[in-house]
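Trainee: Before I ask anything, here is the structure I am working with.
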Amino acid sequence: MGKRYFCDYCDRSFQDNLHNRKKHLNGVQHLRAKKAWYDLFRDAAAVLLEEQSKKPCRKFLQTGQCDFGFNCRFSHMTEEDLEKLNAQVQEERRSKEEGAEVPAGTVEDWLEKRAKRLSFAQSNRMCWPQTPTITNRPA
């Protein structure tokens, strides 16, 4: 059958050869899935600025679902979500201005924050794209 390549970003596999891998890695779906994955780790201020510049998605606000998911050009954040994000940004700015050292957290703290971030991301999208697992990602 031959060797198969599994893309963690897109959660799919295909026959591994130079042509197929190059075609997949340059494809629109892969690039969007990769961008969505890295967007999970962006700074809160950047996310707030981007979400405030978008109009709200009517379909998502009415039904709680959007066919476009991460590919939607409208915002899937409610007013409450934007207020929470704004409060988080203000708190981060306040702590930077005070010059307070950010304490080195524990692994448990980091895992808890990661779980919250991933659950928030999954609540904002349908089933596409799946959250990739960190395994054998090529360099």
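Identifiers in the structure tokens: chain A, B, ... in order shown; residue index from 1 per chain; ligand index from 1 in order shown.
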Using only C-alpha atoms, which protein or nucleic acid residues come within 12 Å of Leu61 in chain A? Drop anything in the same chain fewer than 4 positions from it, and give the result as a list in words.

Mentor: Lys55, Pro56, Cys57, Gln65, Cys66, Phe74, Ser75, His76, Met77, Thr78, Glu79 and Asn124 of chain A

Trainee: How many Å lie between CA of Leu48 in chain A and CA of Glu112 in chain A, rounded to one decimal?

Mentor: 21.4 Å

Trainee: Per residue of range 77-125 of chain A within 8 Å of range 24-47 of chain A, record the nearest atom pair and its distance in Å to one decimal, counting only C-alpha atoms, with rows in chain order and ascending residue number, as a Markdown table.

Mentor:
```
| residue | atom | partner | partner_atom | distance |
| --- | --- | --- | --- | --- |
| A:Leu85 | CA | A:Ala44 | CA | 6.9 |
| A:Asn86 | CA | A:Ala45 | CA | 7.9 |
| A:Gln88 | CA | A:Ala44 | CA | 7.3 |
| A:Val89 | CA | A:Ala45 | CA | 5.6 |
| A:Arg117 | CA | A:Leu40 | CA | 7.0 |
| A:Leu118 | CA | A:Leu40 | CA | 7.6 |
| A:Ala121 | CA | A:Leu40 | CA | 7.2 |
```

Trainee: Mind dumping the selected residues with all heavy atoms as a short mmCIF file (atom, residue, chain, number, x, y, z; two decimals), in the first residue's frame?

Mentor:
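Output file again_21.cif follows:
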```
data_model
loop_
_atom_site.label_atom_id
_atom_site.label_comp_id
_atom_site.auth_asym_id
_atom_site.auth_seq_id
_atom_site.Cartn_x
_atom_site.Cartn_y
_atom_site.Cartn_z
N LEU A 85 -12.76 39.25 27.35
CA LEU A 85 -11.48 39.41 26.68
C LEU A 85 -10.90 40.79 26.94
O LEU A 85 -9.70 40.94 27.18
CB LEU A 85 -11.65 39.16 25.18
CG LEU A 85 -10.40 38.99 24.35
CD1 LEU A 85 -9.54 37.85 24.88
CD2 LEU A 85 -10.76 38.72 22.90
N ASN A 86 -11.75 41.81 26.93
CA ASN A 86 -11.31 43.17 27.22
C ASN A 86 -10.79 43.27 28.65
O ASN A 86 -9.77 43.91 28.90
CB ASN A 86 -12.45 44.15 26.98
CG ASN A 86 -11.97 45.59 26.97
OD1 ASN A 86 -10.79 45.86 26.81
ND2 ASN A 86 -12.89 46.51 27.15
N GLN A 88 -9.48 40.87 30.39
CA GLN A 88 -8.21 40.15 30.41
C GLN A 88 -7.08 41.03 29.86
O GLN A 88 -5.99 41.08 30.43
CB GLN A 88 -8.31 38.87 29.60
CG GLN A 88 -7.04 38.06 29.57
CD GLN A 88 -7.16 36.82 28.68
OE1 GLN A 88 -8.24 36.48 28.22
NE2 GLN A 88 -6.05 36.16 28.46
N VAL A 89 -7.36 41.74 28.77
CA VAL A 89 -6.36 42.62 28.18
C VAL A 89 -6.01 43.75 29.15
O VAL A 89 -4.83 44.09 29.34
CB VAL A 89 -6.85 43.19 26.83
CG1 VAL A 89 -5.96 44.30 26.32
CG2 VAL A 89 -6.96 42.07 25.80
N ARG A 117 -8.58 27.29 26.81
CA ARG A 117 -8.41 27.86 25.47
C ARG A 117 -8.93 26.90 24.40
O ARG A 117 -9.61 27.31 23.47
CB ARG A 117 -6.93 28.18 25.26
CG ARG A 117 -6.63 28.97 24.04
CD ARG A 117 -5.21 29.50 23.99
NE ARG A 117 -4.22 28.51 24.30
CZ ARG A 117 -3.28 28.64 25.24
NH1 ARG A 117 -3.21 29.74 25.95
NH2 ARG A 117 -2.41 27.69 25.46
N LEU A 118 -8.62 25.62 24.55
CA LEU A 118 -9.08 24.64 23.56
C LEU A 118 -10.58 24.46 23.60
O LEU A 118 -11.23 24.32 22.57
CB LEU A 118 -8.37 23.30 23.77
CG LEU A 118 -6.89 23.28 23.41
CD1 LEU A 118 -6.27 21.94 23.76
CD2 LEU A 118 -6.68 23.61 21.96
N ALA A 121 -12.09 27.39 21.88
CA ALA A 121 -11.91 27.29 20.43
C ALA A 121 -12.87 26.28 19.83
O ALA A 121 -13.43 26.50 18.77
CB ALA A 121 -10.47 26.89 20.10
#
```

Trainee: Using only C-alpha atoms, which residues sit within 8 Å of Gln15 in chain A once same-chain residues fewer than 6 positions away are excluded, as a list in words?

Mentor: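 Neighbouring residues, sequence-local ones excluded: Gly2, Lys3, Arg4 and Tyr5 of chain A.
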
Trainee: Chain A: which residues are strand (DSSP E or B) by DSSP, as a PyMOL selection string?

Mentor: chain A and resi 4-7+12-15+56+75

Trainee: Go ahead and compute the interatomic distance for CA of Glu91 in chain A and CA of Lys116 in chain A, in Å to one decimal.

Mentor: 17.9 Å

Trainee: Which residue, A:Asp16, A:Asp109, A:Asp8, A:Glu51, has the smallest gap to Leu82 in chain A when you use only C-alpha atoms?

Mentor: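 Nearest to Leu82 in chain A: A:Glu51.
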